[in-house]
>>> print(open('run_7.txt').read())   # compact mmCIF, C-alpha atoms and all ligand atoms
# COMPACT_ATOMS: atom_id res chain seq x y z
CA MET I 1 104.67 107.09 90.94
CA PRO I 2 106.20 109.48 93.48
CA GLU I 3 109.97 109.82 93.12
CA LEU I 4 112.60 111.40 95.34
CA PRO I 5 111.30 115.03 95.10
CA GLU I 6 107.68 114.02 95.75
CA VAL I 7 108.54 111.87 98.78
CA GLU I 8 110.93 114.55 100.05
CA SER I 9 108.10 117.11 99.74
CA ILE I 10 105.72 114.94 101.79
CA ALA I 11 108.35 114.41 104.48
CA ARG I 12 109.00 118.15 104.63
CA GLN I 13 105.29 119.02 104.84
CA PHE I 14 104.67 116.65 107.75
CA ARG I 15 107.89 117.79 109.45
CA GLN I 16 107.19 121.51 109.15
CA GLY I 17 103.39 121.58 109.00
CA PHE I 18 101.45 123.01 106.08
CA ALA I 19 98.21 124.93 105.44
CA GLU I 20 96.19 124.41 108.67
CA VAL I 21 98.08 121.28 109.68
CA PRO I 22 100.74 121.55 112.40
CA SER I 23 104.04 119.66 112.36
CA LEU I 24 103.61 116.01 113.28
CA ILE I 25 106.91 116.01 115.20
CA GLY I 26 106.24 115.40 118.89
CA MET I 27 102.78 113.94 118.27
CA HIS I 28 101.89 110.50 119.67
CA ILE I 29 100.05 107.64 118.04
CA HIS I 30 97.03 106.71 120.16
CA HIS I 31 95.35 104.13 118.02
CA ALA I 32 96.17 102.23 114.85
CA GLN I 33 93.98 100.19 112.61
CA VAL I 34 95.11 98.17 109.62
CA ASN I 35 92.27 97.84 107.11
CA TRP I 36 94.15 96.01 104.38
CA GLN I 37 96.49 93.40 105.76
CA ARG I 38 98.61 93.03 102.63
CA SER I 39 99.73 96.66 102.80
CA LEU I 40 101.61 95.67 105.93
CA VAL I 41 104.89 93.85 105.29
CA THR I 42 105.82 93.48 108.96
CA PRO I 43 104.87 92.84 111.75
CA SER I 44 101.44 91.14 111.94
CA LYS I 45 98.33 93.31 112.06
CA ASP I 46 97.79 92.67 115.78
CA GLU I 47 101.40 93.25 116.75
CA PHE I 48 101.50 96.43 114.67
CA SER I 49 98.52 97.97 116.48
CA LYS I 50 99.88 96.97 119.88
CA ARG I 51 103.50 98.02 119.29
CA ILE I 52 102.87 101.42 117.67
CA ASN I 53 100.45 102.52 120.38
CA GLN I 54 101.69 105.54 122.42
CA GLN I 55 104.91 105.92 120.44
CA GLU I 56 105.99 109.49 119.74
CA ILE I 57 106.97 110.81 116.28
CA LEU I 58 110.56 112.00 116.72
CA SER I 59 111.50 112.77 113.12
CA ILE I 60 110.28 112.34 109.54
CA TYR I 61 112.70 111.74 106.71
CA ARG I 62 113.17 110.15 103.29
CA ARG I 63 115.56 107.45 102.06
CA GLY I 64 115.31 106.69 98.34
CA LYS I 65 111.57 106.61 97.70
CA PHE I 66 110.81 105.47 101.26
CA LEU I 67 109.10 107.78 103.72
CA ALA I 68 110.23 107.19 107.31
CA PHE I 69 108.66 108.18 110.62
CA GLN I 70 111.18 107.66 113.36
CA LEU I 71 109.19 106.84 116.50
CA SER I 72 110.33 106.54 120.10
CA GLU I 73 110.83 102.75 119.82
CA ASP I 74 110.49 101.80 116.16
CA THR I 75 110.51 103.26 112.66
CA LEU I 76 107.34 103.37 110.56
CA LEU I 77 108.16 103.12 106.85
CA PHE I 78 105.99 103.73 103.81
CA HIS I 79 106.65 102.98 100.15
CA LEU I 80 103.86 104.70 98.18
CA ARG I 81 104.49 102.82 94.90
CA MET I 82 101.83 103.53 92.23
CA SER I 83 99.00 105.26 94.05
CA GLY I 84 99.78 105.47 97.77
CA ASP I 85 99.36 108.73 99.68
CA LEU I 86 99.31 109.97 103.24
CA VAL I 87 96.34 112.13 104.14
CA ILE I 88 95.91 114.10 107.35
CA ARG I 89 92.56 115.25 108.73
CA PRO I 90 91.71 117.35 111.83
CA GLU I 91 89.03 114.81 112.79
CA TYR I 92 87.94 111.29 111.84
CA ASP I 93 86.94 111.22 108.17
CA GLN I 94 84.33 108.59 107.38
CA GLU I 95 84.06 109.64 103.75
CA LEU I 96 87.67 108.91 102.83
CA ARG I 97 87.97 105.94 100.48
CA HIS I 98 90.70 103.32 99.95
CA VAL I 99 92.08 103.76 103.49
CA ARG I 100 94.51 100.90 104.16
CA LEU I 101 95.83 102.12 107.53
CA GLU I 102 94.56 104.73 109.99
CA LEU I 103 96.42 106.31 112.88
CA ALA I 104 94.92 108.54 115.59
CA LEU I 105 97.32 111.31 116.65
CA ASP I 106 97.30 114.13 119.22
CA GLN I 107 94.73 116.97 119.08
CA GLY I 108 92.20 114.78 117.29
CA TYR I 109 94.26 114.50 114.08
CA TRP I 110 94.06 111.36 111.96
CA LEU I 111 96.74 110.20 109.56
CA TYR I 112 95.54 107.89 106.79
CA PHE I 113 97.46 105.73 104.36
CA VAL I 114 95.25 105.82 101.28
CA ASP I 115 96.07 103.54 98.36
CA PRO I 116 93.45 102.79 95.65
CA ARG I 117 95.64 100.33 93.74
CA LYS I 118 97.01 98.58 96.84
CA PHE I 119 100.65 98.40 95.69
CA GLY I 120 101.94 100.61 98.55
CA ARG I 121 103.65 98.98 101.52
CA VAL I 122 104.09 99.71 105.23
CA TRP I 123 106.70 98.42 107.71
CA LEU I 124 107.12 98.89 111.45
CA VAL I 125 110.68 97.89 112.30
CA SER I 126 113.28 98.49 114.97
CA GLN I 127 116.10 98.62 112.38
CA PRO I 128 115.12 100.57 109.23
CA GLU I 129 118.58 99.88 107.77
CA GLN I 130 117.44 96.30 107.18
CA VAL I 131 114.71 97.53 104.84
CA PHE I 132 117.11 100.00 103.19
CA ALA I 133 119.88 97.42 102.80
CA HIS I 134 119.35 96.93 99.05
CA LEU I 135 119.38 100.66 98.25
CA GLY I 136 122.23 102.35 96.40
CA PRO I 137 123.61 105.77 97.35
CA GLU I 138 121.50 108.91 97.58
CA PRO I 139 122.04 111.16 94.53
CA PHE I 140 123.10 114.05 96.80
CA ASP I 141 125.58 111.97 98.80
CA PRO I 142 128.81 114.05 98.82
CA PHE I 143 130.73 110.76 98.67
CA LEU I 144 129.31 110.31 95.15
CA THR I 145 131.92 112.28 93.17
CA PRO I 146 132.09 112.14 89.36
CA GLU I 147 135.04 109.73 89.69
CA VAL I 148 133.14 107.38 92.02
CA PHE I 149 130.06 107.54 89.75
CA PHE I 150 132.24 106.87 86.68
CA HIS I 151 133.69 103.81 88.38
CA SER I 152 130.18 102.50 89.24
CA LEU I 153 128.95 103.06 85.67
CA HIS I 154 131.94 101.24 84.23
CA LYS I 155 131.71 98.29 86.62
CA VAL I 156 128.45 97.30 84.93
CA LYS I 157 127.60 97.27 81.24
CA ARG I 158 123.96 98.24 81.17
CA GLN I 159 121.74 100.66 79.29
CA ILE I 160 121.84 103.90 81.22
CA LYS I 161 118.09 104.47 81.61
CA PRO I 162 117.19 101.13 83.26
CA LEU I 163 120.38 101.35 85.30
CA LEU I 164 119.38 104.73 86.77
CA LEU I 165 115.92 103.32 87.58
CA ASP I 166 117.53 100.45 89.48
CA GLN I 167 117.22 101.45 93.15
CA SER I 168 120.21 99.31 94.11
CA PHE I 169 122.41 101.38 91.77
CA MET I 170 121.12 104.76 92.94
CA ALA I 171 118.12 105.41 95.20
CA GLY I 172 115.30 107.82 94.42
CA LEU I 173 115.08 108.21 90.64
CA GLY I 174 112.00 107.13 88.69
CA ASN I 175 110.79 107.57 85.13
CA ILE I 176 110.23 111.35 85.17
CA TYR I 177 113.50 112.56 86.65
CA THR I 178 115.58 109.99 84.76
CA ASP I 179 114.22 111.16 81.39
CA GLU I 180 114.69 114.82 82.34
CA ALA I 181 118.25 114.27 83.62
CA LEU I 182 119.35 112.30 80.52
CA TYR I 183 117.95 115.06 78.29
CA ARG I 184 119.79 117.76 80.19
CA ALA I 185 123.02 115.79 80.05
CA GLY I 186 122.56 115.08 76.32
CA ILE I 187 122.81 111.31 76.79
CA HIS I 188 120.77 108.73 74.86
CA PRO I 189 118.68 106.53 77.20
CA LEU I 190 120.01 103.34 75.58
CA LYS I 191 123.68 104.27 75.81
CA LEU I 192 125.75 101.66 77.61
CA SER I 193 126.93 102.82 81.02
CA ASN I 194 130.53 101.74 80.45
CA GLN I 195 130.74 103.87 77.30
CA LEU I 196 130.21 107.17 79.10
CA THR I 197 133.27 109.41 79.25
CA LEU I 198 134.28 111.08 82.49
CA GLU I 199 133.01 114.36 81.09
CA GLN I 200 129.60 112.83 80.23
CA THR I 201 129.50 111.22 83.66
CA GLU I 202 130.06 114.56 85.34
CA ARG I 203 127.39 116.17 83.15
CA LEU I 204 124.94 113.38 84.02
CA LEU I 205 125.59 113.58 87.76
CA ASN I 206 125.13 117.36 87.69
CA ALA I 207 121.94 117.01 85.62
CA ILE I 208 120.50 114.42 88.04
CA ARG I 209 121.18 116.70 90.99
CA GLU I 210 119.79 119.76 89.18
CA VAL I 211 116.47 118.19 88.15
CA LEU I 212 115.95 116.66 91.59
CA LYS I 213 116.73 119.98 93.27
CA GLU I 214 114.33 121.85 90.98
CA GLY I 215 111.72 119.14 91.58
CA ILE I 216 112.05 119.55 95.35
CA GLU I 217 111.83 123.34 95.04
CA ALA I 218 108.59 122.91 93.03
CA ASN I 219 107.20 120.53 95.74
CA GLY I 220 107.44 117.67 93.26
CA ALA I 221 105.31 116.94 90.23
CA SER I 222 101.56 116.33 90.33
CA ILE I 223 101.03 113.84 87.56
CA ASP I 224 99.31 110.46 87.27
CA TRP I 225 99.27 110.43 91.04
CA VAL I 226 97.17 111.88 93.82
CA TYR I 227 99.82 114.19 95.24
CA ARG I 228 98.57 117.76 95.51
CA GLY I 229 100.43 121.00 95.31
CA GLY I 230 103.54 120.10 93.30
CA GLU I 231 104.07 121.95 90.05
CA PHE I 232 107.24 120.51 88.51
CA GLN I 233 105.06 118.98 85.75
CA ASN I 234 105.02 122.51 84.27
CA HIS I 235 108.79 122.34 83.81
CA PHE I 236 109.13 119.00 82.02
CA GLN I 237 111.27 119.33 78.91
CA VAL I 238 110.83 115.82 77.52
CA TYR I 239 108.73 113.73 79.90
CA GLN I 240 105.32 113.08 78.24
CA ARG I 241 106.14 115.73 75.63
CA ASP I 242 106.58 113.33 72.72
CA GLY I 243 105.34 114.89 69.50
CA GLU I 244 106.29 118.37 70.70
CA MET I 245 109.38 120.31 69.68
CA CYS I 246 112.61 120.15 71.67
CA ALA I 247 113.11 123.57 73.31
CA ARG I 248 116.80 123.44 72.46
CA CYS I 249 116.86 122.36 68.81
CA GLY I 250 113.29 122.09 67.49
CA THR I 251 113.46 118.35 66.75
CA ILE I 252 110.30 116.41 67.60
CA ILE I 253 110.63 114.65 70.95
CA ALA I 254 110.44 110.87 70.61
CA ARG I 255 109.01 108.17 72.82
CA ILE I 256 110.31 104.59 72.96
CA ARG I 257 109.83 101.65 75.33
CA VAL I 258 112.85 100.78 77.44
CA GLY I 259 112.24 97.78 79.64
CA GLN I 260 108.58 98.21 80.50
CA ARG I 261 108.84 101.98 80.70
CA SER I 262 107.93 104.83 78.37
CA THR I 263 111.05 106.82 77.63
CA HIS I 264 111.09 110.35 76.22
CA PHE I 265 114.11 111.97 74.56
CA CYS I 266 115.30 114.29 71.80
CA PRO I 267 116.86 112.25 68.94
CA SER I 268 119.11 115.21 68.00
CA CYS I 269 120.29 116.34 71.44
CA GLN I 270 120.72 112.76 72.71
CA LYS I 271 122.59 110.73 70.10
CA LEU I 272 123.45 107.09 70.76
CA ASN I 273 126.95 107.32 69.29
CA GLU I 274 128.03 110.46 71.13
ZN ZN I 301 116.89 118.68 70.87
>>> encode(input="run_7.txt", output="structure tokens")
Amino acid sequence: MPELPEVESIARQFRQGFAEVPSLIGMHIHHAQVNWQRSLVTPSKDEFSKRINQQEILSIYRRGKFLAFQLSEDTLLFHLRMSGDLVIRPEYDQELRHVRLELALDQGYWLYFVDPRKFGRVWLVSQPEQVFAHLGPEPFDPFLTPEVFFHSLHKVKRQIKPLLLDQSFMAGLGNIYTDEALYRAGIHPLKLSNQLTLEQTERLLNAIREVLKEGIEANGASIDWVYRGGEFQNHFQVYQRDGEMCARCGTIIARIRVGQRSTHFCPSCQKLNE
């Protein structure tokens, strides 16, 4: 599932243009067709096609794992979930499969929301903040100091891994970057949030920001997902490396289930009672 760096990379590509594709900023939407009604949260299929018509793309940004196209009247939001992707083509592509939504843009370009597993969701809203209302702070928010983070961790008493995955606690982290950040910070994934010291909290916040920044610089990770071009998967230190040796200490990297999620960590570098 795409996480903050992957969604950020898509937003940046569409904003700046990439390969042969120009920036989508300033383009207009001339036609919209919803092929799979349940991908669309709001409004209705008919209203969507009517309302989005002729709107201009003013900016493209990310909030948490949401991808947002700010249009002249409304905001078009995507959550890619398990298998969603946005594909751009210089002309209509009849061969493309699993297309849930298609948008005709300027210069003959088509933007497709492709989603084989159908978990992805689309919104067209006048107030995106309503959709974002449940989200916690962005990891790079300067307001999020170690002291503020420490206070948030101590207000709840939850295992740190599921807590970091909870988008209402912090927005943007998923399984990959959470495992990598906890490893870097030397914190066991099952440690209770209110048992972290201020020093551990600061280490964790720095580690989260570091792995996300490196992920963005690598254009995200291309793994169990259709996203092309990212290469952060080559820099994983624990994620899906169970059975291999920890680069720091040589201990075999372990995998456990936390909640419903596979969790990878080094039993020596990340001790529960430290
Ligand atoms: Zn280790």
>>> residues_near_ligand(input="run_7.txt", ligand="ligand ZN 301 (chain I)", cutoff="10 Å", atoms="only C-alpha atoms and all ligand atoms", output="list in words")
Tyr183, Arg184, Gly186, Gln237, Val238, Met245, Cys246, Ala247, Arg248, Cys249, Gly250, Thr251, Ile252, Ile253, Phe265, Cys266, Pro267, Ser268, Cys269, Gln270 and Lys271 of chain I
>>> closest_residue(input="run_7.txt", among="I:Leu144, I:Ala32, I:Val156, I:Ile57", to="Glu102 of chain I", atoms="all atoms listed in the file")
I:Ala32
>>> residues_around(input="run_7.txt", residues="Ile223 of chain I", least_positions_apart="4", cutoff="12 Å", atoms="all atoms listed in the file", output="VMD selection string")
chain I and resid 1 to 3 6 82 to 83 175 to 176 227 to 234 236 239 to 240
>>> atom_distance(input="run_7.txt", atom1="atom CA of Leu24 of chain I", atom2="atom CA of Asn53 of chain I")
15.6 Å
>>> atom_distance(input="run_7.txt", atom1="atom CA of Phe14 of chain I", atom2="atom CA of Ile60 of chain I")
7.3 Å
>>> residues_around(input="run_7.txt", residues="Leu190 of chain I", least_positions_apart="3", cutoff="8 Å", atoms="all atoms listed in the file", output="mmCIF file with C-alpha atoms, in the coordinates of the input")
data_model
loop_
_atom_site.group_PDB
_atom_site.id
_atom_site.type_symbol
_atom_site.label_atom_id
_atom_site.label_comp_id
_atom_site.auth_asym_id
_atom_site.auth_seq_id
_atom_site.Cartn_x
_atom_site.Cartn_y
_atom_site.Cartn_z
ATOM 1 C CA GLN I 159 121.740 100.660 79.290
ATOM 2 C CA ILE I 160 121.840 103.900 81.220
ATOM 3 C CA LYS I 161 118.090 104.470 81.610
ATOM 4 C CA VAL I 258 112.850 100.780 77.440
ATOM 5 C CA LEU I 272 123.450 107.090 70.760
#
>>> residues_around(input="run_7.txt", residues="segment 209-215 of chain I", least_positions_apart="4", cutoff="8 Å", atoms="only C-alpha atoms", output="CSV table (one decimal) with C-alpha atoms, in the frame of the given file")
chain,number,residue,atom,x,y,z
I,4,LEU,CA,112.6,111.4,95.3
I,5,PRO,CA,111.3,115.0,95.1
I,6,GLU,CA,107.7,114.0,95.8
I,139,PRO,CA,122.0,111.2,94.5
I,140,PHE,CA,123.1,114.0,96.8
I,177,TYR,CA,113.5,112.6,86.6
I,180,GLU,CA,114.7,114.8,82.3
I,181,ALA,CA,118.2,114.3,83.6
I,205,LEU,CA,125.6,113.6,87.8
I,219,ASN,CA,107.2,120.5,95.7
I,220,GLY,CA,107.4,117.7,93.3
I,221,ALA,CA,105.3,116.9,90.2
I,232,PHE,CA,107.2,120.5,88.5
>>> atom_distance(input="run_7.txt", atom1="atom CA of Ser168 of chain I", atom2="atom CA of Pro137 of chain I")
8.0 Å
